[in-house]
Amino acid sequence: MAQQHLDPTDPTAAAVTGDALAGYLRAQATEFLRALRLHRETGGGTANGAEEFDAARLLRRSARRISASLHTFRPLLDPDWSEEMRPELAWLSGTLGLEHAYEARLERLLLALHRLSGAAVLPAQAADVAVAAGGRAGPGDTAAAVAAGGRAAGTARVGAAARIGTGGPAGATATTERGNLTVGAAKAGALLERQLTLARTRAHSTALQALGSSRFHAVADKVAVLASEVPLTPTAPTTALHPLAAAAEERLSDAVTALPLVTAGHPYNAEALVHGLAPDPSPHPQDGSWHQVRLLLRLHRYAREVLHGGNAPVDVRLLTAGQALNRHRDASEAAAAAAQAARTPRITPATAYALGVLHADQRHEVEAARFAFQQAWQKQTVHAP
């Protein structure tokens, strides 16, 4: 288990009370209202507007911090108000984050296809995602191509052909696999671009509708009240925040202890690939506990911000662990998108093969992120004061 960072004997930390929590919540509510004003000034009409993106990002940032503080320090806040606010803030943050998530996912997948195939991946062949009517592949052929792509992922990675060599049967196999990948990569890229761009457009429309809804206006009204009046319990102003912040860190440590860190130390987790390419589109069973740790790490970070008045010192080890978990989430969701695209009916075997390679590559990235987190967390355990 990681060494606790929040020292209960620290008189400075013990002196931080509910008054500091109230100040932090008021500051975050003010940031929320400032971001809302910025969004209204930009008009919120263009999906690619940098100012609009910044406004949405700032809204999400403050909503996450308010929601996290309501969760960590809920014994010090009016329970009815807190339980009503938290799910609404979570809804808002999730809704506003979808558009950027789809955009980042598409960019990640197209860059991976380019890296794996060694050829540009452009949407020029969008109309060619399926071959001519006489050459369409059946479901069995497509599934076999996806499986073959997954098995060949190690060969398809950058530098694989050089490691195998160009002479003999192994070199011929590598050349054939790279050729199959190059053929299917452009069509796979076009398919992913069409699917994820459509999802992004829908997410943008959903966000605009949400920001104009009565539900959002109710949330904004409550945040406006929060900017001037925080509904603390009668004893909260003199109650120390440290025990609640330490409890949040303990929950994080317990969740990390339950992770299969031994599995994360291996270079490749074959079970992850098998599940992702299965017909079942349900979320990967291995990823849930890692996503939960990411959320608990965020709660811990925000609790530290409250204790330090929003000016928490940078913990490099904590930052590194958080970055690894962010990469884990991005790669996991990208792999799921590739697997979902591979289930598209009537795609060519070459397209399915490329998507299989892409899925396996992103599952490799998942394992690499887990290993990076393991290294950061173990370093934190050994060297923390």
# chains A, B, ... in the order shown; residues from 1 in each chain; ligands from 1

call {"tool": "residues_around", "arguments": {"residues": "Leu89 of chain A", "least_positions_apart": "2", "cutoff": "8 Å", "atoms": "only C-alpha atoms", "output": "VMD selection string"}}
result
chain A and resid 63 to 64 66 to 67 85 to 87 91 to 93 219

call {"tool": "residues_around", "arguments": {"residues": "Arg60 of chain A", "least_positions_apart": "2", "cutoff": "10 Å", "atoms": "only C-alpha atoms", "output": "PyMOL selection string"}}
result
chain A and resi 32+35+54-58+62-66+89-90+92-97

call {"tool": "write_last_selection", "arguments": {"atoms": "C-alpha atoms", "output": "PDB file, in the first residue's frame"}}
result
ATOM      1  CA  PHE A  32     -18.241  27.881 -13.253  1.00  0.00           C
ATOM      2  CA  ALA A  35     -17.019  29.827 -17.907  1.00  0.00           C
ATOM      3  CA  ASP A  54     -12.252  26.379 -23.750  1.00  0.00           C
ATOM      4  CA  ALA A  55     -15.569  27.429 -22.214  1.00  0.00           C
ATOM      5  CA  ALA A  56     -16.850  23.851 -22.145  1.00  0.00           C
ATOM      6  CA  ARG A  57     -13.558  22.630 -20.694  1.00  0.00           C
ATOM      7  CA  LEU A  58     -13.692  25.231 -17.916  1.00  0.00           C
ATOM      8  CA  SER A  62     -15.265  23.445 -12.136  1.00  0.00           C
ATOM      9  CA  ALA A  63     -18.227  21.025 -12.195  1.00  0.00           C
ATOM     10  CA  ARG A  64     -15.879  18.090 -11.510  1.00  0.00           C
ATOM     11  CA  ARG A  65     -14.244  19.859  -8.592  1.00  0.00           C
ATOM     12  CA  ILE A  66     -17.518  20.903  -7.023  1.00  0.00           C
ATOM     13  CA  LEU A  89     -22.984  18.014 -11.962  1.00  0.00           C
ATOM     14  CA  ALA A  90     -21.850  14.549 -13.068  1.00  0.00           C
ATOM     15  CA  LEU A  92     -23.245  18.016 -17.023  1.00  0.00           C
ATOM     16  CA  SER A  93     -19.561  17.113 -16.940  1.00  0.00           C
ATOM     17  CA  GLY A  94     -20.142  13.856 -18.802  1.00  0.00           C
ATOM     18  CA  THR A  95     -22.324  15.476 -21.454  1.00  0.00           C
ATOM     19  CA  LEU A  96     -19.860  18.276 -22.138  1.00  0.00           C
ATOM     20  CA  GLY A  97     -16.929  15.870 -22.352  1.00  0.00           C
TER      21      GLY A  97
END

call {"tool": "residues_around", "arguments": {"residues": "segment 235-248 of chain A", "least_positions_apart": "3", "cutoff": "6 Å", "atoms": "only C-alpha atoms", "output": "count of residues only"}}
result
11

call {"tool": "residues_around", "arguments": {"residues": "segment 282-298 of chain A", "least_positions_apart": "3", "cutoff": "10 Å", "atoms": "only C-alpha atoms", "output": "PyMOL selection string"}}
result
chain A and resi 64-65+68+248-256+258-260+271-273+275-276+278-279+301-304+318-319+321-326+328-329+332-333+335-336+366+370

call {"tool": "write_last_selection", "arguments": {"atoms": "N, CA and C atoms", "output": "CSV table (one decimal), in the first residue's frame"}}
result
chain,number,residue,atom,x,y,z
A,64,ARG,N,-16.5,19.3,-12.1
A,64,ARG,CA,-15.9,18.1,-11.5
A,64,ARG,C,-15.4,18.4,-10.1
A,65,ARG,N,-14.8,19.5,-9.9
A,65,ARG,CA,-14.2,19.9,-8.6
A,65,ARG,C,-15.3,20.1,-7.6
A,68,ALA,N,-16.7,16.6,-6.8
A,68,ALA,CA,-15.8,15.8,-6.0
A,68,ALA,C,-15.8,16.2,-4.6
A,248,ALA,N,-10.4,9.6,1.8
A,248,ALA,CA,-10.4,9.6,0.4
A,248,ALA,C,-9.1,8.9,-0.2
A,249,GLU,N,-8.0,9.3,0.4
A,249,GLU,CA,-6.7,8.7,0.0
A,249,GLU,C,-6.6,7.2,0.4
A,250,GLU,N,-7.2,6.9,1.5
A,250,GLU,CA,-7.2,5.5,1.9
A,250,GLU,C,-8.0,4.6,1.0
A,251,ARG,N,-9.2,5.2,0.5
A,251,ARG,CA,-10.0,4.4,-0.5
A,251,ARG,C,-9.2,4.2,-1.8
A,252,LEU,N,-8.4,5.2,-2.1
A,252,LEU,CA,-7.6,5.1,-3.3
A,252,LEU,C,-6.5,4.0,-3.1
A,253,SER,N,-5.9,4.0,-2.0
A,253,SER,CA,-4.8,3.0,-1.7
A,253,SER,C,-5.4,1.6,-1.7
A,254,ASP,N,-6.6,1.4,-1.1
A,254,ASP,CA,-7.2,0.1,-1.1
A,254,ASP,C,-7.6,-0.3,-2.5
A,255,ALA,N,-8.1,0.6,-3.3
A,255,ALA,CA,-8.4,0.2,-4.7
A,255,ALA,C,-7.2,-0.2,-5.5
A,256,VAL,N,-6.1,0.5,-5.3
A,256,VAL,CA,-4.8,0.2,-6.0
A,256,VAL,C,-4.3,-1.2,-5.5
A,258,ALA,N,-6.1,-3.7,-4.6
A,258,ALA,CA,-6.9,-4.7,-5.2
A,258,ALA,C,-6.6,-4.9,-6.7
A,259,LEU,N,-5.8,-4.0,-7.4
A,259,LEU,CA,-5.5,-4.2,-8.8
A,259,LEU,C,-4.6,-5.4,-9.0
A,260,PRO,N,-4.8,-6.0,-10.2
A,260,PRO,CA,-3.8,-7.1,-10.6
A,260,PRO,C,-2.5,-6.5,-11.1
A,271,GLU,N,-5.6,-12.3,-22.6
A,271,GLU,CA,-7.1,-12.4,-22.3
A,271,GLU,C,-7.8,-11.1,-22.7
A,272,ALA,N,-7.1,-10.0,-22.6
A,272,ALA,CA,-7.6,-8.7,-23.0
A,272,ALA,C,-8.0,-8.7,-24.5
A,273,LEU,N,-7.1,-9.2,-25.3
A,273,LEU,CA,-7.3,-9.3,-26.8
A,273,LEU,C,-8.5,-10.2,-27.1
A,275,HIS,N,-11.1,-11.1,-25.4
A,275,HIS,CA,-12.4,-10.5,-25.0
A,275,HIS,C,-12.8,-9.4,-26.0
A,276,GLY,N,-11.9,-8.5,-26.3
A,276,GLY,CA,-12.2,-7.4,-27.1
A,276,GLY,C,-12.7,-7.7,-28.5
A,278,ALA,N,-14.4,-10.5,-29.2
A,278,ALA,CA,-15.5,-11.4,-29.1
A,278,ALA,C,-16.8,-10.7,-29.6
A,279,PRO,N,-17.8,-11.4,-30.0
A,279,PRO,CA,-19.0,-10.8,-30.5
A,279,PRO,C,-19.7,-9.9,-29.4
A,301,ARG,N,-6.8,14.0,-5.5
A,301,ARG,CA,-6.2,15.2,-6.0
A,301,ARG,C,-7.0,16.5,-5.6
A,302,TYR,N,-8.3,16.4,-5.8
A,302,TYR,CA,-9.1,17.5,-5.5
A,302,TYR,C,-9.2,17.8,-4.0
A,303,ALA,N,-9.2,16.7,-3.2
A,303,ALA,CA,-9.2,16.9,-1.8
A,303,ALA,C,-7.9,17.6,-1.3
A,304,ARG,N,-6.8,17.3,-1.9
A,304,ARG,CA,-5.6,18.0,-1.6
A,304,ARG,C,-5.7,19.5,-2.0
A,318,LEU,N,2.3,11.4,-8.1
A,318,LEU,CA,0.9,11.4,-8.3
A,318,LEU,C,0.5,11.8,-9.7
A,319,LEU,N,1.2,12.8,-10.2
A,319,LEU,CA,0.9,13.3,-11.5
A,319,LEU,C,1.2,12.2,-12.6
A,321,ALA,N,1.3,9.0,-12.2
A,321,ALA,CA,0.3,7.9,-12.0
A,321,ALA,C,-1.0,8.3,-12.7
A,322,GLY,N,-1.4,9.5,-12.5
A,322,GLY,CA,-2.7,10.0,-13.1
A,322,GLY,C,-2.6,10.0,-14.6
A,323,GLN,N,-1.4,10.5,-15.2
A,323,GLN,CA,-1.2,10.5,-16.6
A,323,GLN,C,-1.3,9.1,-17.2
A,324,ALA,N,-0.7,8.1,-16.5
A,324,ALA,CA,-0.8,6.7,-17.0
A,324,ALA,C,-2.2,6.2,-17.0
A,325,LEU,N,-3.0,6.6,-16.0
A,325,LEU,CA,-4.4,6.1,-16.0
A,325,LEU,C,-5.2,6.8,-17.0
A,326,ASN,N,-4.9,8.1,-17.4
A,326,ASN,CA,-5.6,8.7,-18.5
A,326,ASN,C,-5.3,8.0,-19.8
A,328,HIS,N,-4.5,5.0,-20.1
A,328,HIS,CA,-5.2,3.7,-20.0
A,328,HIS,C,-6.6,3.8,-20.5
A,329,ARG,N,-7.3,4.8,-20.0
A,329,ARG,CA,-8.7,5.1,-20.4
A,329,ARG,C,-8.8,5.3,-21.9
A,332,SER,N,-8.1,2.2,-23.9
A,332,SER,CA,-9.2,1.2,-23.7
A,332,SER,C,-10.4,1.6,-24.5
A,333,GLU,N,-10.7,2.9,-24.5
A,333,GLU,CA,-11.9,3.3,-25.3
A,333,GLU,C,-11.6,3.3,-26.8
A,335,ALA,N,-9.6,1.1,-28.2
A,335,ALA,CA,-9.7,-0.4,-28.6
A,335,ALA,C,-11.1,-0.8,-28.8
A,336,ALA,N,-12.0,-0.3,-27.9
A,336,ALA,CA,-13.4,-0.7,-28.0
A,336,ALA,C,-14.0,-0.1,-29.3
A,366,VAL,N,-2.9,-0.3,-23.6
A,366,VAL,CA,-3.6,-0.4,-22.3
A,366,VAL,C,-2.6,-1.1,-21.3
A,370,ARG,N,-0.8,0.4,-17.9
A,370,ARG,CA,-0.9,-0.3,-16.6
A,370,ARG,C,0.5,-0.5,-16.0

call {"tool": "closest_residue", "arguments": {"among": "A:Ala331, A:Leu98, A:Ala354, A:Ala339", "to": "Glu367 of chain A", "atoms": "only C-alpha atoms"}}
result
A:Ala331

call {"tool": "select_by_dssp", "arguments": {"residues": "segment 171-355 of chain A", "states": "alpha helix (DSSP H)", "output": "ChimeraX atom specification"}}
result
/A:171-211,214-226,242-257,261-264,270-276,288-307,316-342,349-355
